[in-house]
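Shown next: run_14.csv, containing CSV, C-alpha atoms and all ligand atoms.
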chain,number,residue,atom,x,y,z
A,1,MET,CA,-0.2,7.6,1.4
A,2,SER,CA,-2.0,6.7,4.5
A,3,ASP,CA,-1.9,3.1,5.8
A,4,ASP,CA,-5.6,2.8,5.0
A,5,PHE,CA,-4.7,3.1,1.3
A,6,LYS,CA,-1.5,1.0,1.2
A,7,PRO,CA,-1.9,-2.0,-1.0
A,8,GLU,CA,-1.8,-5.3,0.8
A,9,LYS,CA,1.3,-7.0,-0.6
A,10,TRP,CA,0.2,-10.6,-0.7
A,11,SER,CA,-3.2,-9.6,-2.1
A,12,VAL,CA,-1.3,-7.7,-4.9
A,13,ALA,CA,0.8,-10.8,-5.6
A,14,ARG,CA,-2.3,-13.1,-5.6
A,15,SER,CA,-4.3,-10.7,-7.7
A,16,PHE,CA,-1.5,-10.4,-10.4
A,17,GLY,CA,-0.7,-14.1,-10.2
A,18,GLN,CA,-4.3,-15.0,-10.9
A,19,SER,CA,-4.4,-12.9,-14.1
A,20,ALA,CA,-1.0,-13.6,-15.5
A,21,GLN,CA,-2.4,-15.8,-18.3
A,22,TYR,CA,-4.7,-13.1,-19.6
A,23,TYR,CA,-2.6,-10.1,-18.7
A,24,ASP,CA,-1.1,-9.4,-22.1
A,25,ASP,CA,-4.5,-9.3,-23.7
A,26,VAL,CA,-5.5,-6.2,-21.8
A,27,ALA,CA,-2.2,-4.5,-20.8
A,28,VAL,CA,-2.6,-1.7,-23.3
A,29,LEU,CA,-1.5,1.1,-21.0
A,30,GLN,CA,1.5,-0.9,-19.8
A,31,ARG,CA,2.7,-1.5,-23.3
A,32,GLN,CA,2.4,2.2,-24.2
A,33,THR,CA,4.2,3.4,-21.1
A,34,GLY,CA,6.8,0.7,-21.4
A,35,ASP,CA,7.6,1.7,-24.9
A,36,GLU,CA,7.8,5.4,-23.9
A,37,LEU,CA,10.1,4.5,-21.1
A,38,LEU,CA,12.3,2.5,-23.5
A,39,ASP,CA,12.3,5.4,-25.9
A,40,ARG,CA,13.5,7.7,-23.1
A,41,LEU,CA,16.1,5.2,-22.1
A,42,SER,CA,17.5,5.3,-25.7
A,43,LEU,CA,18.4,9.0,-25.0
A,44,VAL,CA,20.9,7.8,-22.4
A,45,THR,CA,24.3,6.4,-23.3
A,46,LEU,CA,24.7,3.3,-21.1
A,47,THR,CA,26.5,0.0,-21.3
A,48,PRO,CA,24.9,-1.9,-18.4
A,49,LYS,CA,26.4,-5.1,-17.2
A,50,ARG,CA,23.3,-6.0,-15.1
A,51,ILE,CA,19.8,-4.8,-15.5
A,52,LEU,CA,16.9,-5.3,-13.1
A,53,ASP,CA,13.4,-5.2,-14.5
A,54,LEU,CA,11.5,-4.5,-11.3
A,55,GLY,CA,7.9,-5.8,-11.3
A,56,ALA,CA,8.7,-7.5,-14.6
A,57,GLY,CA,5.2,-8.9,-15.0
A,58,THR,CA,4.8,-11.1,-18.1
A,59,GLY,CA,8.3,-10.2,-19.3
A,60,ARG,CA,7.7,-8.0,-22.3
A,61,ASN,CA,10.3,-5.4,-21.2
A,62,VAL,CA,12.7,-8.2,-20.2
A,63,VAL,CA,12.8,-9.2,-23.8
A,64,GLN,CA,13.1,-5.6,-25.0
A,65,LEU,CA,16.0,-4.9,-22.6
A,66,ALA,CA,17.8,-8.2,-23.4
A,67,THR,CA,17.6,-7.4,-27.1
A,68,ARG,CA,18.8,-3.8,-26.7
A,69,TYR,CA,21.7,-4.8,-24.4
A,70,PRO,CA,22.8,-8.3,-25.5
A,71,ASP,CA,25.9,-8.2,-23.3
A,72,ALA,CA,24.0,-7.4,-20.2
A,73,GLU,CA,22.5,-9.9,-17.7
A,74,VAL,CA,18.8,-9.1,-17.4
A,75,ILE,CA,17.0,-10.0,-14.2
A,76,GLY,CA,13.2,-10.0,-14.2
A,77,LEU,CA,12.0,-9.7,-10.7
A,78,ASP,CA,8.4,-9.9,-9.6
A,79,ILE,CA,6.4,-10.6,-6.4
A,80,ALA,CA,4.0,-12.9,-8.3
A,81,PRO,CA,5.7,-16.2,-9.3
A,82,THR,CA,3.0,-17.0,-11.8
A,83,MET,CA,3.8,-13.7,-13.6
A,84,LEU,CA,7.4,-14.9,-13.8
A,85,LYS,CA,6.4,-18.2,-15.3
A,86,GLN,CA,4.6,-16.3,-17.9
A,87,ALA,CA,7.7,-14.1,-18.4
A,88,GLN,CA,9.8,-17.1,-19.0
A,89,GLN,CA,7.4,-18.3,-21.7
A,90,THR,CA,7.4,-14.8,-23.2
A,91,TYR,CA,11.2,-14.9,-23.4
A,92,ARG,CA,11.3,-18.4,-24.9
A,93,ALA,CA,8.7,-17.5,-27.5
A,94,SER,CA,10.6,-14.4,-28.5
A,95,GLN,CA,13.9,-16.3,-29.0
A,96,GLY,CA,12.7,-19.4,-30.7
A,97,LEU,CA,15.7,-21.7,-31.4
A,98,LYS,CA,18.2,-18.8,-30.8
A,99,ARG,CA,18.0,-19.3,-27.1
A,100,TRP,CA,20.0,-22.6,-27.5
A,101,LEU,CA,23.0,-20.8,-29.0
A,102,PRO,CA,26.0,-21.3,-26.7
A,103,LYS,CA,26.8,-17.7,-26.1
A,104,GLN,CA,23.2,-16.5,-25.7
A,105,LYS,CA,22.8,-14.7,-22.4
A,106,LYS,CA,19.5,-15.7,-20.9
A,107,PRO,CA,17.6,-13.5,-18.5
A,108,ILE,CA,17.2,-14.6,-14.9
A,109,PHE,CA,13.8,-14.6,-13.2
A,110,ILE,CA,13.6,-14.1,-9.5
A,111,ALA,CA,10.5,-14.0,-7.2
A,112,GLY,CA,11.1,-11.1,-4.8
A,113,ASP,CA,9.8,-8.0,-3.2
A,114,ALA,CA,10.8,-4.5,-4.4
A,115,GLU,CA,10.8,-3.4,-0.8
A,116,SER,CA,13.4,-6.0,0.2
A,117,LEU,CA,15.4,-6.9,-2.9
A,118,PRO,CA,17.3,-10.2,-2.9
A,119,LEU,CA,20.3,-8.6,-4.6
A,120,ALA,CA,23.7,-7.5,-3.4
A,121,ASP,CA,24.7,-3.9,-2.7
A,122,ASP,CA,26.1,-2.1,-5.8
A,123,SER,CA,25.3,-4.9,-8.2
A,124,VAL,CA,23.0,-3.4,-10.8
A,125,ASP,CA,23.6,-0.7,-13.5
A,126,LEU,CA,20.1,-0.1,-14.6
A,127,VAL,CA,16.8,-0.5,-12.7
A,128,PHE,CA,13.8,-0.4,-15.1
A,129,ALA,CA,10.3,-0.4,-13.4
A,130,ASN,CA,7.3,0.1,-15.6
A,131,LEU,CA,4.0,0.6,-13.7
A,132,ALA,CA,5.1,-1.5,-10.7
A,133,LEU,CA,6.0,0.9,-8.0
A,134,GLN,CA,2.5,2.1,-7.4
A,135,TRP,CA,1.9,-1.2,-5.7
A,136,CYS,CA,4.9,-0.8,-3.4
A,137,ASP,CA,5.9,1.3,-0.4
A,138,LEU,CA,7.9,4.0,-2.2
A,139,ALA,CA,10.3,4.8,0.6
A,140,ALA,CA,11.3,1.2,1.1
A,141,SER,CA,11.5,0.5,-2.6
A,142,PHE,CA,13.6,3.6,-3.5
A,143,THR,CA,15.9,2.8,-0.6
A,144,GLU,CA,16.4,-0.7,-1.9
A,145,ILE,CA,16.9,0.5,-5.5
A,146,GLU,CA,19.5,2.9,-4.3
A,147,ARG,CA,21.3,0.2,-2.3
A,148,VAL,CA,21.5,-2.2,-5.3
A,149,LEU,CA,22.5,0.4,-7.9
A,150,ARG,CA,26.2,0.7,-8.6
A,151,PRO,CA,27.6,4.2,-8.4
A,152,ASP,CA,26.5,5.9,-11.6
A,153,GLY,CA,23.7,3.4,-12.0
A,154,LEU,CA,20.4,4.6,-13.4
A,155,LEU,CA,16.8,4.1,-12.3
A,156,MET,CA,14.0,4.6,-14.9
A,157,PHE,CA,10.4,4.1,-13.9
A,158,THR,CA,6.8,4.9,-14.4
A,159,THR,CA,4.1,5.0,-11.7
A,160,LEU,CA,0.5,6.2,-11.4
A,161,GLY,CA,-0.6,9.6,-10.1
A,162,PRO,CA,-3.6,10.4,-8.0
A,163,ASP,CA,-5.9,11.4,-10.9
A,164,THR,CA,-5.7,7.8,-12.2
A,165,LEU,CA,-9.2,6.3,-12.9
A,166,THR,CA,-10.8,9.5,-11.7
A,167,GLU,CA,-14.0,8.6,-13.6
A,168,LEU,CA,-14.3,5.3,-11.8
A,169,ARG,CA,-13.7,6.8,-8.5
A,170,GLN,CA,-16.4,9.4,-9.1
A,171,ALA,CA,-18.8,6.8,-10.3
A,172,TRP,CA,-18.3,4.7,-7.2
A,173,ALA,CA,-18.7,7.8,-5.0
A,174,THR,CA,-22.4,8.0,-6.1
A,175,VAL,CA,-22.9,4.4,-4.9
A,176,ASP,CA,-21.1,4.1,-1.5
A,177,ASP,CA,-18.4,5.7,0.7
A,178,TYR,CA,-15.9,2.8,0.5
A,179,PRO,CA,-12.6,3.2,-1.4
A,180,HIS,CA,-12.9,1.1,-4.6
A,181,VAL,CA,-9.9,2.6,-6.5
A,182,ASN,CA,-6.4,2.7,-5.0
A,183,VAL,CA,-5.1,6.0,-4.0
A,184,PHE,CA,-1.9,6.8,-5.9
A,185,PHE,CA,1.1,8.9,-5.0
A,186,ASP,CA,1.3,12.6,-5.8
A,187,MET,CA,4.3,13.5,-7.9
A,188,HIS,CA,5.8,15.5,-5.0
A,189,ASP,CA,5.6,12.5,-2.7
A,190,VAL,CA,7.4,10.5,-5.3
A,191,ALA,CA,10.1,13.2,-5.6
A,192,GLU,CA,10.5,13.4,-1.8
A,193,ALA,CA,10.8,9.6,-1.5
A,194,MET,CA,13.5,9.6,-4.1
A,195,MET,CA,15.4,12.3,-2.4
A,196,ASN,CA,15.1,10.7,1.0
A,197,ALA,CA,16.5,7.5,-0.5
A,198,ARG,CA,19.4,9.5,-1.7
A,199,LEU,CA,18.8,9.0,-5.3
A,200,ALA,CA,20.5,11.8,-7.2
A,201,GLU,CA,19.2,14.3,-9.8
A,202,PRO,CA,15.6,13.1,-9.8
A,203,VAL,CA,13.6,14.1,-12.8
A,204,LEU,CA,9.9,13.6,-12.9
A,205,ASP,CA,7.1,14.5,-15.3
A,206,MET,CA,3.5,13.5,-15.9
A,207,ASP,CA,1.5,12.5,-18.9
A,208,ARG,CA,-2.2,11.7,-19.2
A,209,TYR,CA,-3.4,8.6,-21.1
A,210,VAL,CA,-7.0,7.9,-21.8
A,211,LEU,CA,-8.2,4.4,-22.7
A,212,THR,CA,-11.7,4.1,-24.1
A,213,TYR,CA,-14.3,1.4,-23.6
A,214,GLN,CA,-17.7,0.6,-25.0
A,215,ASP,CA,-19.1,0.0,-21.5
A,216,ALA,CA,-18.1,0.3,-17.9
A,217,MET,CA,-18.5,-3.5,-17.2
A,218,ALA,CA,-15.9,-4.2,-19.9
A,219,MET,CA,-13.5,-1.7,-18.3
A,220,MET,CA,-14.0,-3.2,-14.8
A,221,ARG,CA,-13.4,-6.7,-16.2
A,222,ASP,CA,-10.1,-5.5,-17.8
A,223,LEU,CA,-9.0,-3.9,-14.5
A,224,LYS,CA,-9.6,-7.2,-12.8
A,225,VAL,CA,-7.5,-9.1,-15.3
A,226,LEU,CA,-4.8,-6.5,-15.0
A,227,GLY,CA,-4.6,-7.6,-11.3
A,228,ALA,CA,-5.3,-4.0,-10.6
A,229,SER,CA,-8.6,-4.5,-8.8
A,230,ASN,CA,-8.8,-2.5,-5.6
A,231,VAL,CA,-6.5,-3.7,-3.0
A,232,ALA,CA,-6.6,-0.9,-0.5
A,233,GLN,CA,-6.7,-2.0,3.1
A,234,GLY,CA,-9.8,0.2,3.8
A,235,ARG,CA,-11.8,-1.6,1.1
A,236,ARG,CA,-15.1,-3.3,1.8
A,237,ARG,CA,-14.6,-7.0,2.4
A,238,GLY,CA,-16.6,-9.6,0.5
A,239,LEU,CA,-18.2,-9.4,-2.9
A,240,THR,CA,-19.1,-6.2,-4.6
A,241,GLY,CA,-22.8,-6.8,-5.3
A,242,LYS,CA,-24.1,-7.0,-8.8
A,243,LYS,CA,-26.6,-4.3,-8.0
A,244,ALA,CA,-23.8,-1.9,-7.0
A,245,LEU,CA,-21.9,-2.7,-10.2
A,246,VAL,CA,-25.0,-1.9,-12.2
A,247,GLN,CA,-25.3,1.4,-10.4
A,248,VAL,CA,-21.6,2.3,-11.0
A,249,ALA,CA,-22.0,1.5,-14.7
A,250,LYS,CA,-25.0,3.8,-14.8
A,251,ALA,CA,-23.1,6.6,-13.1
A,252,TYR,CA,-20.1,6.1,-15.4
A,253,GLU,CA,-22.4,6.9,-18.4
A,254,THR,CA,-22.2,10.6,-17.5
A,255,PHE,CA,-18.6,10.5,-18.8
A,256,ARG,CA,-19.6,9.0,-22.2
A,257,GLU,CA,-18.2,11.2,-25.0
A,258,ASN,CA,-18.2,10.5,-28.8
A,259,GLY,CA,-19.9,7.1,-28.1
A,260,VAL,CA,-17.2,5.8,-25.7
A,261,LEU,CA,-16.3,5.8,-22.0
A,262,PRO,CA,-12.9,7.2,-21.1
A,263,ALA,CA,-10.7,5.7,-18.4
A,264,SER,CA,-8.0,8.3,-17.5
A,265,TYR,CA,-4.5,7.4,-16.2
A,266,GLU,CA,-2.1,9.9,-14.8
A,267,VAL,CA,1.3,8.4,-15.5
A,268,VAL,CA,4.4,9.7,-13.7
A,269,PHE,CA,7.7,9.2,-15.5
A,270,GLY,CA,10.8,9.4,-13.5
A,271,HIS,CA,14.5,8.8,-13.5
A,272,ALA,CA,17.4,9.3,-11.1
A,273,TRP,CA,21.0,8.3,-10.6
A,274,ALA,CA,22.6,6.4,-7.7
A,275,GLY,CA,24.5,8.3,-5.1
A,276,VAL,CA,23.3,11.7,-4.1
A,277,PRO,CA,25.7,14.7,-4.2
A,278,ALA,CA,26.1,16.6,-1.0
A,279,SER,CA,24.2,19.6,-2.3
A,280,GLN,CA,21.0,17.5,-2.5
A,281,MET,CA,21.2,15.8,0.8
A,282,GLN,CA,18.4,16.1,3.3
A,283,HIS,CA,18.6,19.3,5.4
A,284,SER,CA,19.0,19.1,9.2
A,285,ASP,CA,15.3,20.0,9.7
A,286,GLY,CA,14.4,16.9,7.7
A,287,SER,CA,13.3,18.8,4.6
A,288,VAL,CA,14.5,18.1,1.1
A,289,HIS,CA,14.7,20.9,-1.3
A,290,ILE,CA,14.0,20.0,-4.9
A,291,PRO,CA,14.5,22.7,-7.5
A,292,LEU,CA,11.4,23.2,-9.5
A,293,SER,CA,13.4,22.8,-12.7
A,294,GLU,CA,14.0,19.2,-11.7
A,295,LEU,CA,10.3,18.4,-11.6
A,296,THR,CA,9.8,19.4,-15.2
A,297,GLY,CA,9.7,16.9,-18.0
A,298,LEU,CA,12.4,15.4,-20.1
A,299,LYS,CA,10.3,15.9,-23.2
A,300,ARG,CA,7.0,17.5,-22.2
B,1,LIG,C1,1.0,-3.5,-13.8
B,1,LIG,S1,2.1,-4.8,-13.7
B,1,LIG,C2,3.4,-4.2,-14.7
B,1,LIG,C3,4.3,-5.4,-15.3
B,1,LIG,C4,5.4,-5.0,-16.3
B,1,LIG,N1,6.3,-4.1,-15.7
B,1,LIG,C5,4.8,-4.4,-17.5
B,1,LIG,O1,5.3,-3.3,-17.9
B,1,LIG,O2,3.9,-5.0,-18.1
B,1,LIG,C6,2.9,-4.6,-12.1
B,1,LIG,C7,3.7,-5.8,-11.7
B,1,LIG,O3,4.4,-5.5,-10.4
B,1,LIG,C8,4.4,-6.6,-9.6
B,1,LIG,N2,4.6,-6.2,-8.2
B,1,LIG,C9,3.6,-5.6,-7.4
B,1,LIG,N3,4.2,-5.4,-6.2
B,1,LIG,C10,5.4,-5.8,-6.2
B,1,LIG,C11,6.5,-5.8,-5.2
B,1,LIG,N4,6.3,-5.4,-4.0
B,1,LIG,N5,7.7,-6.3,-5.6
B,1,LIG,C12,7.9,-6.8,-6.9
B,1,LIG,N6,6.9,-6.8,-7.8
B,1,LIG,C13,5.7,-6.3,-7.5
B,1,LIG,C14,3.1,-7.3,-9.9
B,1,LIG,O4,3.1,-8.7,-9.5
B,1,LIG,C15,3.0,-7.1,-11.4
B,1,LIG,O5,3.5,-8.1,-12.1
So, in terms of C-alpha cells, how does the structure I just supplied come out?
Ligand SMILES: C[S@@+](CC[C@H](N)C(=O)[O-])C[C@H]1O[C@@H](n2cnc3c(N)ncnc32)[C@H](O)[C@@H]1O
Amino acid sequence: MSDDFKPEKWSVARSFGQSAQYYDDVAVLQRQTGDELLDRLSLVTLTPKRILDLGAGTGRNVVQLATRYPDAEVIGLDIAPTMLKQAQQTYRASQGLKRWLPKQKKPIFIAGDAESLPLADDSVDLVFANLALQWCDLAASFTEIERVLRPDGLLMFTTLGPDTLTELRQAWATVDDYPHVNVFFDMHDVAEAMMNARLAEPVLDMDRYVLTYQDAMAMMRDLKVLGASNVAQGRRRGLTGKKALVQVAKAYETFRENGVLPASYEVVFGHAWAGVPASQMQHSDGSVHIPLSELTGLKR
C-alpha cells in the first residue's frame, strides 16, 4: 500500500472512538465475519492460557472468546479508548451477576497499538483479529504479533481486500478524482507480510459479502458510524459537500438490483502459527516463496 493510502492512525482512533456508542447497531459485516472466524477457530484444538483480541472494538468477540475458553485470560486491545469503554460494558452486560463470582476470570482491556503491542515477548497463545488489521501497517503488526505469540501460538484474522466497496469507489469516480474509499491490501501482500514477519504456515482465502441498502445515503451514514469513513492520507480535506454526496448517490443507483443497492466486501480470512520453519524463511534475494496450495481456503 502506498503511503498516500495508509490510514492515519490517530484519525482512525478518533473516528472509531466517536462512533463507539452506535457501532453495534450497524456492525453487520463485523458480526458475520467474527462468527465465521470463531467457527473456523473451533476446528483447531487449542487450550490457550492467554488470548489477545486485537482491535477488539466493542468487545463482542472478547465475550465469545472468554465464554469458549473460561480458563484463559482474554485481553481486549484497541487503539480507541472509547471503544474499550464500550467493550467493558458489553462484557458486564453479558455476565450479569456472574461476574462477581470469586473464580470468574475477567477480561483485561488495554488501549494500545497493533503496530507496537504493549505486551511481553512469547506471552500470548492466540491472537484473534476481526476486521482490524486493514487499519494497520501490516508489516509492523504481523511482526508484533509474531513477537508476542508463544511458540506454537496461533494467529486468526480477517481483513479487507481491494475490491471492498467497489461500487462506492466507482460512484465517487464519476464525481471527482480524490480517494474517498480506503485502498485495501491484496491477498498476496498480506501473505508476503506474514512470511516476512516469520509467521509459519500461513493460510489465506477470500470470501465476498454483499450488504444491501435502500439508498446510498443510508449506506454512507452506516460507514461513518462504523468509523470506517475514508481516512486515507491523500483524501480531500474539509467537508464533502452535500452536492457531491447527491451526485454520488445518483451514480450509485446504476448498481441497484432487485430494488436494493449492494455494498460488496472482499473479506480475507487468514491464519498462521508462530515461529517459521527454516524451509519457509526469506530467501537471500529477499523473496519469499509461498506454495500456491497455502493460499487456498480452509473451507472454500
Ligand atoms: C472494524 S472495527 C472491528 C472491531 C471488532 N474486532 C469487531 O469484530 O467488531 C476495527 C477496530 O480496530 C481498531 N483499530 C484500528 N487501528 C488499530 C491499531 N493500530 N491498533 C489497535 N486497534 C486498532 C479500531 O479502533 C476498531 O475498534
Q: Write out as a list in words which residues come within 7 Å of A:Gly57 when counting all atoms listed in the file, dropping same-chain ones fewer than 3 positions away.
A: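 Counting all atoms listed in the file, the residues come to Asp78, Met83, Leu84 and Ala87 of chain A.
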What does the file look like for those residues with C-alpha atoms, as a compact mmCIF listing (two decimals), in the frame of the given file?
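Once everything was written out, this is selection_9.txt:
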# COMPACT_ATOMS: atom_id res chain seq x y z
CA ASP A 78 8.40 -9.90 -9.60
CA MET A 83 3.80 -13.70 -13.60
CA LEU A 84 7.40 -14.90 -13.80
CA ALA A 87 7.70 -14.10 -18.40
Q: Residues up to 9 Å from ligand LIG 1 (chain B), counting only C-alpha atoms and all ligand atoms: could you list those as number ranges by chain?
A: A: 7, 9-10, 12-17, 20, 23-24, 27-35, 53-62, 77-84, 111-117, 128-137, 141, 226-228
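Checking A:Val183, A:Lys105, A:Glu167, A:Thr90 one by one against A:Arg256, counting only C-alpha atoms, you find the shortest gap at A:Glu167.
Minimum atom-to-atom distance to A:Asp125, evaluated using all atoms listed in the file, belongs to A:Asp152 out of A:Glu257, A:Asp177, A:Asp152, A:Asp39.
The smallest atom-to-atom distance between A:Val175 and any of A:Leu261, A:Val63, A:Ala244, A:Val190, using all atoms listed in the file, is found for A:Ala244.
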Residue list as a PDB file with C-alpha atoms, in the coordinates of the input for point (18.6, -11.8, -19.7), cut-off 10 Å, all atoms listed in the file:
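File produced: out.pdb:
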ATOM      1  CA  ARG A  50      23.300  -6.000 -15.100  1.00  0.00           C
ATOM      2  CA  ILE A  51      19.800  -4.800 -15.500  1.00  0.00           C
ATOM      3  CA  LEU A  52      16.900  -5.300 -13.100  1.00  0.00           C
ATOM      4  CA  ASP A  53      13.400  -5.200 -14.500  1.00  0.00           C
ATOM      5  CA  VAL A  62      12.700  -8.200 -20.200  1.00  0.00           C
ATOM      6  CA  VAL A  63      12.800  -9.200 -23.800  1.00  0.00           C
ATOM      7  CA  GLN A  64      13.100  -5.600 -25.000  1.00  0.00           C
ATOM      8  CA  LEU A  65      16.000  -4.900 -22.600  1.00  0.00           C
ATOM      9  CA  ALA A  66      17.800  -8.200 -23.400  1.00  0.00           C
ATOM     10  CA  THR A  67      17.600  -7.400 -27.100  1.00  0.00           C
ATOM     11  CA  TYR A  69      21.700  -4.800 -24.400  1.00  0.00           C
ATOM     12  CA  PRO A  70      22.800  -8.300 -25.500  1.00  0.00           C
ATOM     13  CA  ASP A  71      25.900  -8.200 -23.300  1.00  0.00           C
ATOM     14  CA  ALA A  72      24.000  -7.400 -20.200  1.00  0.00           C
ATOM     15  CA  GLU A  73      22.500  -9.900 -17.700  1.00  0.00           C
ATOM     16  CA  VAL A  74      18.800  -9.100 -17.400  1.00  0.00           C
ATOM     17  CA  ILE A  75      17.000 -10.000 -14.200  1.00  0.00           C
ATOM     18  CA  GLY A  76      13.200 -10.000 -14.200  1.00  0.00           C
ATOM     19  CA  TYR A  91      11.200 -14.900 -23.400  1.00  0.00           C
ATOM     20  CA  GLN A 104      23.200 -16.500 -25.700  1.00  0.00           C
ATOM     21  CA  LYS A 105      22.800 -14.700 -22.400  1.00  0.00           C
ATOM     22  CA  LYS A 106      19.500 -15.700 -20.900  1.00  0.00           C
ATOM     23  CA  PRO A 107      17.600 -13.500 -18.500  1.00  0.00           C
ATOM     24  CA  ILE A 108      17.200 -14.600 -14.900  1.00  0.00           C
ATOM     25  CA  PHE A 109      13.800 -14.600 -13.200  1.00  0.00           C
TER      26      PHE A 109
END
Q) How would you write as number ranges by chain the residues that get within 8 Å of (-9.9, 7.0, -12.6) in the file's frame, counting all atoms listed in the file? A) A: 163-170, 181, 263-265
Q: Find the distance between atom CA of A:Val148 and atom CA of A:Ser123 and write it in Å to one decimal.
A: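 Between atom CA of A:Val148 and atom CA of A:Ser123 the gap is 5.5 Å.
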